[in-house]
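Engineer: Hey, dropping model34.cif in here, mmCIF, C-alpha atoms:
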```cif
data_structure
loop_
_atom_site.label_atom_id
_atom_site.label_comp_id
_atom_site.auth_asym_id
_atom_site.auth_seq_id
_atom_site.Cartn_x
_atom_site.Cartn_y
_atom_site.Cartn_z
CA MET A 8 -25.30 5.28 72.63
CA SER A 9 -26.31 3.60 75.91
CA GLU A 10 -28.59 6.54 76.79
CA THR A 11 -30.30 6.20 73.39
CA VAL A 12 -30.86 2.48 73.96
CA LYS A 13 -32.06 3.13 77.52
CA LYS A 14 -34.61 5.67 76.25
CA ALA A 15 -35.82 3.23 73.58
CA VAL A 16 -36.11 0.45 76.18
CA LEU A 17 -38.26 2.63 78.45
CA GLU A 18 -40.46 3.61 75.50
CA ARG A 19 -41.08 -0.03 74.66
CA LEU A 20 -41.70 -0.93 78.31
CA SER A 21 -44.32 1.82 78.50
CA THR A 22 -46.44 -0.34 76.18
CA ILE A 23 -46.67 -3.07 78.85
CA LYS A 24 -49.76 -2.80 81.04
CA GLY A 25 -49.41 -2.86 84.81
CA PRO A 26 -50.25 -5.90 86.97
CA ASP A 27 -53.98 -5.01 87.06
CA LEU A 28 -54.10 -3.78 83.45
CA GLU A 29 -54.18 -0.18 84.62
CA GLY A 30 -51.54 2.22 83.38
CA ASP A 31 -48.16 0.89 82.26
CA ILE A 32 -45.21 -0.47 84.18
CA VAL A 33 -43.09 2.63 83.51
CA SER A 34 -45.61 5.32 84.51
CA LEU A 35 -46.53 3.23 87.56
CA GLY A 36 -42.90 3.45 88.68
CA LEU A 37 -42.38 -0.31 88.70
CA ILE A 38 -39.15 -0.32 86.68
CA SER A 39 -35.79 -0.07 88.41
CA ASP A 40 -32.87 1.83 86.92
CA VAL A 41 -32.19 0.27 83.52
CA PHE A 42 -28.63 -1.01 83.15
CA VAL A 43 -27.29 -0.86 79.58
CA SER A 44 -23.83 -2.00 78.50
CA ASP A 45 -22.68 -2.95 75.02
CA GLY A 46 -26.00 -4.37 73.83
CA ARG A 47 -26.89 -5.93 77.18
CA VAL A 48 -29.82 -4.70 79.26
CA ALA A 49 -30.81 -5.55 82.84
CA PHE A 50 -33.53 -4.23 85.12
CA SER A 51 -36.14 -5.38 87.63
CA ILE A 52 -39.91 -4.97 87.91
CA THR A 53 -41.47 -4.35 91.32
CA VAL A 54 -44.47 -6.60 92.06
CA PRO A 55 -46.17 -7.81 95.24
CA ALA A 56 -44.30 -10.86 96.55
CA GLU A 57 -47.46 -12.96 96.78
CA ARG A 58 -48.16 -12.39 93.05
CA ALA A 59 -44.69 -13.21 91.75
CA ARG A 60 -45.63 -16.48 90.04
CA GLU A 61 -48.90 -15.05 88.72
CA LEU A 62 -47.05 -12.12 87.11
CA GLU A 63 -44.30 -14.16 85.45
CA PRO A 64 -45.97 -13.52 82.01
CA LEU A 65 -45.52 -9.79 82.66
CA ARG A 66 -41.79 -10.33 83.12
CA GLN A 67 -41.63 -12.41 79.95
CA ALA A 68 -43.54 -9.75 77.99
CA ALA A 69 -41.16 -7.04 79.19
CA GLU A 70 -38.16 -9.14 78.25
CA LYS A 71 -39.61 -9.82 74.81
CA VAL A 72 -40.22 -6.16 73.90
CA VAL A 73 -36.79 -5.15 75.16
CA ARG A 74 -35.09 -7.80 73.03
CA GLU A 75 -36.81 -6.24 70.02
CA VAL A 76 -35.19 -2.84 70.60
CA PRO A 77 -32.48 -2.12 67.99
CA GLY A 78 -29.06 -2.44 69.57
CA VAL A 79 -30.18 -4.85 72.31
CA GLU A 80 -28.67 -8.31 72.10
CA THR A 81 -29.50 -9.77 75.50
CA ALA A 82 -31.93 -8.81 78.26
CA MET A 83 -32.07 -9.91 81.88
CA VAL A 84 -35.31 -9.06 83.68
CA ALA A 85 -36.18 -9.93 87.28
CA LEU A 86 -39.29 -9.60 89.40
CA THR A 87 -38.63 -8.03 92.78
CA ALA A 88 -40.84 -7.24 95.76
CA GLU A 89 -38.66 -4.31 96.74
CA ARG A 90 -39.08 -0.79 95.49
CA ALA A 91 -36.15 0.31 93.34
CA ALA A 92 -34.16 3.28 94.58
CA GLY A 93 -35.59 6.53 93.18
CA SER A 94 -38.82 4.87 92.10
CA GLY A 95 -42.03 6.76 92.58
CA ALA A 96 -44.01 3.61 93.21
CA ALA A 97 -45.42 3.05 96.64
CA ARG A 98 -43.73 0.25 98.51
CA ALA A 99 -45.83 -2.85 98.83
CA PRO A 100 -46.85 -3.62 102.43
CA ALA A 101 -43.89 -5.35 104.03
CA PRO A 102 -44.55 -8.87 105.28
CA ALA A 103 -43.44 -9.96 108.70
CA ALA A 104 -39.71 -10.60 108.92
CA PRO A 105 -39.08 -14.10 107.53
CA ARG A 106 -37.64 -16.80 109.73
CA ALA A 107 -35.84 -19.63 108.00
CA SER A 108 -36.36 -23.22 109.04
CA ILE A 109 -36.22 -26.63 107.45
CA GLY A 110 -39.54 -27.83 106.07
CA ALA A 111 -40.86 -26.49 102.76
CA PRO A 112 -39.32 -24.69 99.79
CA VAL A 113 -39.85 -21.05 98.93
CA GLN A 114 -41.19 -20.05 95.53
CA GLY A 115 -42.02 -16.51 94.55
CA GLY A 116 -41.22 -15.27 98.06
CA ARG A 117 -43.74 -17.46 99.88
CA ALA A 118 -43.79 -20.90 101.37
CA THR A 119 -45.28 -23.81 99.48
CA ALA A 120 -46.09 -27.34 100.45
CA PRO A 121 -43.06 -29.57 101.03
CA GLU A 122 -41.74 -31.30 97.95
CA LYS A 123 -41.28 -35.01 97.83
CA PRO A 124 -37.69 -36.28 97.78
CA GLY A 125 -36.23 -36.29 94.29
CA GLN A 126 -38.65 -33.70 92.90
CA LYS A 127 -36.05 -30.93 92.69
CA PRO A 128 -35.30 -30.67 88.96
CA GLY A 129 -31.72 -31.01 87.86
CA VAL A 130 -30.11 -29.38 84.84
CA PRO A 131 -30.63 -31.43 81.65
CA GLY A 132 -27.52 -33.36 80.68
CA VAL A 133 -25.63 -32.53 83.90
CA LYS A 134 -24.99 -35.50 86.19
CA HIS A 135 -23.52 -33.71 89.22
CA ILE A 136 -23.45 -30.10 90.39
CA ILE A 137 -20.76 -29.17 92.91
CA ALA A 138 -20.48 -25.80 94.65
CA VAL A 139 -17.08 -24.38 95.58
CA ALA A 140 -17.53 -21.93 98.44
CA SER A 141 -15.70 -19.98 101.10
CA GLY A 142 -16.75 -18.11 104.20
CA LYS A 143 -14.79 -15.01 103.16
CA GLY A 144 -13.06 -13.52 100.14
CA GLY A 145 -9.36 -13.62 99.41
CA VAL A 146 -8.75 -17.29 100.16
CA GLY A 147 -8.28 -18.37 96.52
CA LYS A 148 -11.73 -19.85 95.96
CA SER A 149 -11.98 -18.96 92.26
CA THR A 150 -8.44 -20.16 91.54
CA THR A 151 -9.32 -23.40 93.31
CA THR A 152 -12.53 -23.68 91.27
CA ALA A 153 -10.72 -23.29 87.95
CA ASN A 154 -7.95 -25.74 88.78
CA LEU A 155 -10.36 -28.21 90.37
CA ALA A 156 -12.51 -28.19 87.22
CA LEU A 157 -9.46 -28.66 85.00
CA ALA A 158 -8.20 -31.44 87.28
CA MET A 159 -11.55 -33.23 86.98
CA GLN A 160 -11.24 -32.92 83.22
CA ALA A 161 -7.69 -34.31 83.41
CA ASN A 162 -9.12 -37.23 85.38
CA GLY A 163 -11.38 -38.04 82.43
CA LEU A 164 -14.61 -36.18 83.19
CA LYS A 165 -16.68 -33.81 81.04
CA VAL A 166 -16.75 -30.57 83.01
CA GLY A 167 -18.44 -27.17 82.99
CA VAL A 168 -17.99 -24.13 85.24
CA LEU A 169 -20.73 -21.71 86.28
CA ASP A 170 -19.47 -18.43 87.71
CA ALA A 171 -22.08 -17.62 90.37
CA ASP A 172 -19.98 -14.84 91.89
CA ILE A 173 -22.22 -12.10 90.47
CA TYR A 174 -20.43 -9.21 92.17
CA GLY A 175 -16.88 -10.35 91.40
CA PRO A 176 -16.82 -12.73 88.41
CA SER A 177 -13.35 -14.20 87.88
CA VAL A 178 -13.98 -17.08 85.47
CA PRO A 179 -13.56 -15.04 82.23
CA ARG A 180 -10.04 -14.04 83.26
CA LEU A 181 -9.09 -17.38 84.79
CA PHE A 182 -10.04 -19.27 81.62
CA LYS A 183 -8.86 -16.46 79.32
CA VAL A 184 -12.25 -16.40 77.64
CA SER A 185 -14.02 -13.32 76.30
CA GLY A 186 -16.92 -12.62 74.00
CA ARG A 187 -20.64 -12.83 74.26
CA PRO A 188 -22.66 -16.05 74.53
CA GLU A 189 -24.67 -16.67 71.38
CA PRO A 190 -28.16 -18.15 71.22
CA VAL A 191 -28.43 -21.79 70.23
CA ASP A 192 -31.29 -20.87 67.93
CA PRO A 193 -31.46 -17.29 66.56
CA ALA A 194 -35.26 -17.60 66.60
CA ASN A 195 -35.16 -18.34 70.34
CA SER A 196 -32.56 -16.15 72.02
CA ARG A 197 -33.36 -17.39 75.54
CA ILE A 198 -31.13 -20.48 75.37
CA LEU A 199 -27.45 -19.56 75.12
CA LYS A 200 -24.34 -21.50 74.16
CA PRO A 201 -21.70 -21.55 76.89
CA LEU A 202 -18.23 -20.35 75.99
CA GLU A 203 -15.28 -22.71 76.26
CA GLY A 204 -11.80 -22.52 77.77
CA TYR A 205 -9.29 -25.39 77.78
CA GLY A 206 -12.09 -27.77 76.80
CA VAL A 207 -14.26 -26.72 79.77
CA LYS A 208 -17.66 -25.11 79.13
CA VAL A 209 -17.98 -21.86 81.05
CA MET A 210 -20.70 -19.30 81.76
CA SER A 211 -20.35 -16.07 83.73
CA ILE A 212 -22.12 -12.75 84.24
CA GLY A 213 -18.69 -11.40 83.32
CA PHE A 214 -19.49 -12.22 79.70
CA MET A 215 -22.51 -9.91 79.90
CA VAL A 216 -20.88 -6.80 81.41
CA GLU A 217 -17.54 -5.05 81.17
CA GLU A 218 -14.86 -6.20 83.63
CA ASP A 219 -14.77 -2.87 85.49
CA THR A 220 -18.56 -2.41 85.63
CA PRO A 221 -19.91 -2.68 89.19
CA MET A 222 -22.90 -4.97 89.66
CA ILE A 223 -25.20 -2.95 91.92
CA TRP A 224 -28.01 -5.50 92.10
CA ARG A 225 -30.51 -6.43 94.77
CA GLY A 226 -31.06 -10.02 95.82
CA PRO A 227 -33.96 -10.76 93.43
CA MET A 228 -31.89 -9.75 90.41
CA VAL A 229 -29.01 -11.92 91.59
CA ILE A 230 -31.40 -14.86 91.93
CA SER A 231 -32.85 -14.25 88.46
CA ALA A 232 -29.38 -14.00 86.88
CA LEU A 233 -28.23 -17.24 88.50
CA THR A 234 -31.38 -19.05 87.43
CA GLN A 235 -30.95 -17.89 83.84
CA MET A 236 -27.25 -18.82 83.67
CA LEU A 237 -28.04 -22.22 85.14
CA ARG A 238 -31.17 -23.23 83.23
CA GLU A 239 -31.07 -21.15 80.05
CA VAL A 240 -27.66 -22.39 78.93
CA ALA A 241 -27.14 -25.39 76.64
CA TRP A 242 -24.60 -27.19 78.84
CA GLY A 243 -24.81 -30.42 76.88
CA GLU A 244 -23.71 -33.68 78.47
CA LEU A 245 -21.54 -33.02 81.54
CA ASP A 246 -20.31 -35.31 84.28
CA VAL A 247 -19.81 -32.33 86.60
CA LEU A 248 -20.84 -28.68 86.68
CA VAL A 249 -18.56 -26.83 89.13
CA VAL A 250 -20.12 -23.66 90.54
CA ASP A 251 -17.86 -20.85 91.75
CA MET A 252 -19.92 -19.36 94.57
CA PRO A 253 -19.51 -15.83 95.92
CA PRO A 254 -17.92 -15.66 99.37
CA GLY A 255 -20.13 -15.69 102.43
CA THR A 256 -23.62 -17.06 103.03
CA GLY A 257 -26.28 -15.15 101.13
CA ASP A 258 -28.77 -15.11 98.27
CA ALA A 259 -26.58 -16.96 95.78
CA GLN A 260 -25.89 -19.86 98.12
CA LEU A 261 -29.54 -20.24 99.10
CA THR A 262 -30.62 -19.93 95.46
CA MET A 263 -28.33 -22.77 94.41
CA ALA A 264 -29.47 -24.89 97.35
CA GLN A 265 -33.12 -24.33 96.44
CA GLN A 266 -32.94 -24.42 92.65
CA VAL A 267 -30.91 -27.57 92.03
CA PRO A 268 -30.03 -30.83 93.79
CA LEU A 269 -26.41 -30.06 94.64
CA ALA A 270 -24.21 -33.14 94.85
CA GLY A 271 -22.28 -31.29 97.52
CA ALA A 272 -20.10 -28.34 98.45
CA VAL A 273 -16.34 -27.94 98.68
CA ILE A 274 -15.20 -25.38 101.26
CA VAL A 275 -11.97 -23.45 100.62
CA SER A 276 -10.06 -21.88 103.49
CA THR A 277 -6.58 -20.77 104.48
CA PRO A 278 -4.99 -22.16 107.66
CA GLN A 279 -5.34 -19.11 109.93
CA ASP A 280 -7.98 -18.90 112.63
CA LEU A 281 -9.92 -15.94 111.18
CA ALA A 282 -10.43 -17.66 107.83
CA LEU A 283 -11.46 -20.89 109.57
CA ILE A 284 -14.13 -19.08 111.59
CA ASP A 285 -15.75 -17.94 108.33
CA ALA A 286 -15.22 -21.32 106.68
CA ARG A 287 -17.08 -22.90 109.59
CA LYS A 288 -20.05 -20.60 108.92
CA GLY A 289 -20.12 -21.61 105.25
CA LEU A 290 -19.88 -25.28 106.11
CA ASN A 291 -22.69 -25.05 108.67
CA MET A 292 -24.87 -23.14 106.21
CA PHE A 293 -24.69 -25.95 103.65
CA LYS A 294 -25.38 -28.54 106.32
CA ARG A 295 -28.37 -26.49 107.49
CA VAL A 296 -29.99 -26.71 104.05
CA ASP A 297 -29.12 -30.42 103.71
CA VAL A 298 -26.38 -30.02 101.10
CA PRO A 299 -23.57 -32.57 101.64
CA VAL A 300 -20.20 -31.01 102.48
CA LEU A 301 -17.72 -32.93 100.34
CA GLY A 302 -14.76 -31.61 102.28
CA ILE A 303 -12.40 -28.75 103.06
CA VAL A 304 -9.40 -27.62 100.99
CA GLU A 305 -6.60 -25.80 102.79
CA ASN A 306 -5.33 -23.23 100.29
CA MET A 307 -2.05 -21.30 100.69
CA SER A 308 -1.16 -24.05 103.12
CA TYR A 309 2.62 -23.62 103.12
CA PHE A 310 5.43 -21.96 101.19
CA ILE A 311 8.55 -23.67 99.81
CA CYS A 312 11.44 -21.22 99.53
CA PRO A 313 12.80 -21.42 95.94
CA ASP A 314 16.33 -20.51 97.14
CA CYS A 315 16.85 -22.68 100.20
CA GLY A 316 14.12 -25.27 99.69
CA GLY A 317 12.90 -24.75 103.23
CA ARG A 318 9.22 -24.94 104.12
CA HIS A 319 7.54 -21.93 105.75
CA ASP A 320 4.02 -22.01 107.25
CA ILE A 321 3.24 -18.35 106.61
CA PHE A 322 -0.43 -18.56 107.60
CA GLY A 323 0.03 -21.34 110.10
CA HIS A 324 -0.51 -24.95 109.12
CA GLY A 325 -2.98 -27.74 109.62
CA GLY A 326 -5.84 -25.51 110.73
CA ALA A 327 -8.22 -26.67 107.99
CA ARG A 328 -7.36 -30.33 108.60
CA ALA A 329 -8.04 -29.94 112.32
CA GLU A 330 -11.28 -28.06 111.58
CA ALA A 331 -12.42 -30.80 109.20
CA GLU A 332 -11.78 -33.45 111.86
CA LYS A 333 -13.58 -31.35 114.47
CA LEU A 334 -16.64 -30.89 112.25
CA GLY A 335 -16.67 -34.45 110.92
CA SER A 336 -16.04 -33.41 107.30
CA PRO A 337 -13.46 -34.89 104.91
CA PHE A 338 -10.14 -33.08 104.52
CA LEU A 339 -9.45 -32.93 100.79
CA GLY A 340 -5.87 -31.69 100.69
CA GLU A 341 -3.33 -28.89 100.97
CA VAL A 342 -2.51 -26.48 98.15
CA PRO A 343 0.78 -24.61 98.66
CA LEU A 344 1.30 -20.87 98.41
CA ASP A 345 3.31 -20.63 95.21
CA ILE A 346 3.98 -17.76 92.85
CA ARG A 347 3.41 -20.02 89.82
CA ILE A 348 -0.19 -20.66 90.86
CA ARG A 349 -0.74 -16.90 91.19
CA GLU A 350 1.04 -16.04 87.93
CA THR A 351 -0.74 -18.66 85.85
CA SER A 352 -4.13 -17.67 87.29
CA ASP A 353 -3.58 -13.98 86.55
CA ALA A 354 -2.46 -14.87 83.03
CA GLY A 355 -5.57 -16.94 82.36
CA THR A 356 -3.54 -20.15 82.09
CA PRO A 357 -4.40 -22.08 85.29
CA ILE A 358 -1.55 -24.25 86.45
CA VAL A 359 -3.36 -27.54 85.82
CA ALA A 360 -3.69 -26.52 82.15
CA SER A 361 -0.29 -24.85 81.71
CA GLU A 362 1.81 -27.32 83.74
CA PRO A 363 -0.23 -30.54 83.67
CA GLU A 364 2.68 -32.74 84.74
CA GLY A 365 3.82 -30.42 87.53
CA VAL A 366 3.62 -31.04 91.26
CA HIS A 367 0.80 -28.52 91.75
CA ALA A 368 -1.36 -30.08 89.03
CA LYS A 369 -0.90 -33.42 90.80
CA VAL A 370 -2.20 -31.88 94.05
CA TYR A 371 -5.33 -30.59 92.31
CA ARG A 372 -5.93 -33.91 90.53
CA GLU A 373 -5.74 -35.74 93.86
CA ILE A 374 -8.22 -33.29 95.41
CA ALA A 375 -10.53 -33.70 92.39
CA ALA A 376 -10.42 -37.49 92.77
CA LYS A 377 -11.29 -37.23 96.47
CA VAL A 378 -14.22 -34.92 95.69
CA MET A 379 -15.69 -37.36 93.18
CA ASP A 380 -15.13 -40.25 95.59
CA GLU A 381 -17.22 -38.36 98.16
CA VAL A 382 -19.94 -37.76 95.57
CA ARG A 383 -20.05 -41.45 94.68
CA GLN A 384 -20.11 -42.51 98.33
CA ASN A 385 -23.02 -40.16 99.00
CA GLU A 386 -24.89 -41.64 96.04
CA GLU A 387 -24.28 -45.19 97.22
CA GLY A 388 -25.49 -44.20 100.66
CA GLY A 389 -28.82 -43.15 99.23
CA GLN A 390 -30.19 -40.27 97.19
CA ARG A 391 -30.51 -37.14 99.30
CA ALA A 392 -33.73 -35.23 99.29
CA ALA A 393 -33.61 -31.79 97.72
CA PRO A 394 -33.01 -29.00 100.24
CA LYS A 395 -36.21 -27.55 101.64
CA ILE A 396 -36.49 -24.13 103.22
CA VAL A 397 -39.60 -22.50 104.65
CA PHE A 398 -40.20 -18.87 105.57
CA GLU A 399 -42.70 -18.50 108.36
#
```
Starting from the file, lay out its structure as structure tokens.
Structural biologist:
Amino acid sequence: MSETVKKAVLERLSTIKGPDLEGDIVSLGLISDVFVSDGRVAFSITVPAERARELEPLRQAAEKVVREVPGVETAMVALTAERAAGSGAARAPAPAAPRASIGAPVQGGRATAPEKPGQKPGVPGVKHIIAVASGKGGVGKSTTTANLALAMQANGLKVGVLDADIYGPSVPRLFKVSGRPEPVDPANSRILKPLEGYGVKVMSIGFMVEEDTPMIWRGPMVISALTQMLREVAWGELDVLVVDMPPGTGDAQLTMAQQVPLAGAVIVSTPQDLALIDARKGLNMFKRVDVPVLGIVENMSYFICPDCGGRHDIFGHGGARAEAEKLGSPFLGEVPLDIRIRETSDAGTPIVASEPEGVHAKVYREIAAKVMDEVRQNEEGGQRAAPKIVFE
């Protein structure tokens, strides 16, 4: 079935003229491998970087004809300046290696004039956007994101969660939500309704692909997917949108820093030295692009033996607190290593939702309160300018 849909998609795309109205985008070799899964289609179109904004109508036209193919329910199309693997198209002349510095934002792969403070558009209806990040994987970032969001809700806020971890989306499982986002208006399928879990609005690339499907995407497609999930979703009125970032410091982090005025970032780490080295990189990256660091959470901080009641610092203890003090960032709190947190997360019943009166839920609610206090203090201290990045 997917091969039939893929063939039909390519046939429809062959009706779209190339960038200079010569030939079509398929015969010119501008289309990447077309990804098809259960009515969802994704691909990229290779264009010269300097013409990205000019050729946005071409992307929209391709998306439109693909959506009209029988069997296609959603389409995600990105413009990329890189030649897709296996493509017969000649690679566009490579520009000089970019060098990042603070100064002006990047749009369409090229520098533009600096924006004035406050010009960075927010997401309609969303008051604050907070990124939850980590320098490396395996430190419990997504579990922290889910419980932090639920704790904010328990503290009386209207909350949404955006799963920006394109390569390893965890939000569908954590919130025990499945299904496909539906358009707000059937006549305009671009704007989607978020799904909902435990009263929290959620959106994830995991709703678009099967759980075991690998996302083999280049940077431009990641950026396009994030932009769509952020701005083409009817979030409604939210006090906070919590963004579960992928680990590390890459395209997704820079995209979020450039696309929206982040209220700040929460860094998740475990106590051991190796994790703290990577956490330091993540923290410095956000500072570099002028995103406030709201603080550090020490996850898996300690273990309480259920038999003897003794405390064991399996990964060491206090490393994140010491690192926060060293770097001049707030320390938000310690989350213990506990089998109930792991079990409830795996079951899609995060501990703040399943055991709201428990000791662990209290820890998360206290961290959530500290995060929002930091956001309010930053606001009172003056509105930060949107992050600006220039490629020279």
Engineer: Please measure the separation of CA of Gly335 (chain A) and CA of Val304 (chain A), giving the value in Å to one decimal.
Structural biologist: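 One can read the CA of Gly335 (chain A) to CA of Val304 (chain A) distance as 14.1 Å.
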Engineer: Give me, as an NGL selection string, all polymer residues having an atom no more than 10 Å from Glu189 (chain A), counting only C-alpha atoms and skipping those fewer than 4 positions away in the same chain.
Structural biologist: :A and (80-81 or 193 or 196-202 or 240)
Engineer: Smallest atom-to-atom distance to Arg187 (chain A): which of A:Glu341, A:Glu364, A:Glu305, A:Glu203, using all atoms listed in the file?
Structural biologist: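 Closest to Arg187 (chain A), using all atoms listed in the file: A:Glu203.
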Engineer: Could you tell me which residues the PyMOL selection byres ((chain A and resi 51) around 9) grabs in this file, written as an NGL selection string?
Structural biologist: :A and (37-41 or 49-50 or 52-53 or 66 or 83-87 or 91 or 227-228)
Engineer: Please, what distance in Å, to one decimal, runs between CA of Val359 (chain A) and CA of Glu239 (chain A)?
Structural biologist: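 Separation of CA of Val359 (chain A) and CA of Glu239 (chain A): 29.0 Å.
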Engineer: Would you kindly return, as a CSV table (one decimal) with C-alpha atoms, in the coordinates of the input, each protein, DNA or RNA residue with an atom no farther than 6 Å from any atom of Ala272 (chain A), considering only C-alpha atoms and excluding same-chain residues fewer than 2 positions away?
Structural biologist:
```csv
chain,number,residue,atom,x,y,z
A,137,ILE,CA,-20.8,-29.2,92.9
A,138,ALA,CA,-20.5,-25.8,94.6
A,139,VAL,CA,-17.1,-24.4,95.6
A,300,VAL,CA,-20.2,-31.0,102.5
A,301,LEU,CA,-17.7,-32.9,100.3
```
Engineer: Of the residues A:Asp297, A:Gly46, A:Arg349, A:Leu245, which is the one nearest to Pro268 (chain A), using all atoms listed in the file?
Structural biologist: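 Residue with the minimum atom-to-atom distance to Pro268 (chain A): A:Asp297.
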Engineer: Let me know the residues the PyMOL selection byres ((chain A and resi 157-174) around 6) catches in the file above, as a ChimeraX atom specification.
Structural biologist: /A:154-156,175-176,207-211,222,245-253,371-372,375
Engineer: Using only C-alpha atoms, please write the residues we just selected to a file, as an mmCIF file, in the coordinates of the input.
Structural biologist:
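Final output, part_10.cif:
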```cif
data_model
loop_
_atom_site.group_PDB
_atom_site.id
_atom_site.type_symbol
_atom_site.label_atom_id
_atom_site.label_comp_id
_atom_site.auth_asym_id
_atom_site.auth_seq_id
_atom_site.Cartn_x
_atom_site.Cartn_y
_atom_site.Cartn_z
ATOM 1 C CA ASN A 154 -7.950 -25.740 88.780
ATOM 2 C CA LEU A 155 -10.360 -28.210 90.370
ATOM 3 C CA ALA A 156 -12.510 -28.190 87.220
ATOM 4 C CA GLY A 175 -16.880 -10.350 91.400
ATOM 5 C CA PRO A 176 -16.820 -12.730 88.410
ATOM 6 C CA VAL A 207 -14.260 -26.720 79.770
ATOM 7 C CA LYS A 208 -17.660 -25.110 79.130
ATOM 8 C CA VAL A 209 -17.980 -21.860 81.050
ATOM 9 C CA MET A 210 -20.700 -19.300 81.760
ATOM 10 C CA SER A 211 -20.350 -16.070 83.730
ATOM 11 C CA MET A 222 -22.900 -4.970 89.660
ATOM 12 C CA LEU A 245 -21.540 -33.020 81.540
ATOM 13 C CA ASP A 246 -20.310 -35.310 84.280
ATOM 14 C CA VAL A 247 -19.810 -32.330 86.600
ATOM 15 C CA LEU A 248 -20.840 -28.680 86.680
ATOM 16 C CA VAL A 249 -18.560 -26.830 89.130
ATOM 17 C CA VAL A 250 -20.120 -23.660 90.540
ATOM 18 C CA ASP A 251 -17.860 -20.850 91.750
ATOM 19 C CA MET A 252 -19.920 -19.360 94.570
ATOM 20 C CA PRO A 253 -19.510 -15.830 95.920
ATOM 21 C CA TYR A 371 -5.330 -30.590 92.310
ATOM 22 C CA ARG A 372 -5.930 -33.910 90.530
ATOM 23 C CA ALA A 375 -10.530 -33.700 92.390
#
```
Engineer: Grab the CA of Gly145 (chain A) to CA of Val267 (chain A) distance for me, in Å with one decimal place.
Structural biologist: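 Those two atoms sit 26.7 Å apart.
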Engineer: Would you translate the PyMOL selection byres ((chain A and resi 135) around 6) into the concrete set of residues it matches in this file, as a ChimeraX atom specification?
Structural biologist: /A:133-134,136,247,270
Engineer: Taking (-12.9, -24.0, 94.2) as a centre in this file's frame and 7 Å as the limit, can you find every polymer residue with an atom that close, using all atoms listed in the file, and give them as a VMD selection string?
Structural biologist: chain A and resid 139 to 140 148 to 153 155 251 273 275
Engineer: Using all atoms listed in the file, pick whichever of A:Val79, A:Val54, A:Ala368, A:Ala329 has the shortest atom-to-atom distance to Asp27 (chain A).
Structural biologist: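 That would be A:Val54, the residue with the smallest distance to Asp27 (chain A).
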Engineer: Do you know which residues are at most 7 Å from Pro254 (chain A) counting only C-alpha atoms, after dropping those on the same chain fewer than 5 positions away, and could you put them as a ChimeraX atom specification?
Structural biologist: /A:140-144
Engineer: Save region 325-344 of chain A of the structure in the block above to a file, with C-alpha atoms included, as a CSV table (one decimal), in the first residue's frame.
Structural biologist:
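Result file is out-v5.csv:
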```csv
chain,number,residue,atom,x,y,z
A,325,GLY,CA,25.3,17.0,45.0
A,326,GLY,CA,27.2,17.3,41.7
A,327,ALA,CA,24.4,19.3,39.9
A,328,ARG,CA,23.9,21.6,42.9
A,329,ALA,CA,27.7,22.3,43.0
A,330,GLU,CA,27.7,22.8,39.2
A,331,ALA,CA,24.7,25.3,39.4
A,332,GLU,CA,26.6,27.3,42.1
A,333,LYS,CA,29.7,27.3,40.0
A,334,LEU,CA,27.9,28.5,36.9
A,335,GLY,CA,25.7,31.0,38.7
A,336,SER,CA,22.5,29.2,37.8
A,337,PRO,CA,19.6,28.3,40.1
A,338,PHE,CA,19.5,24.8,41.5
A,339,LEU,CA,15.9,23.6,41.2
A,340,GLY,CA,15.9,20.4,43.2
A,341,GLU,CA,16.7,16.7,43.5
A,342,VAL,CA,14.6,13.9,42.1
A,343,PRO,CA,15.4,10.5,43.6
A,344,LEU,CA,16.1,7.3,41.8
```
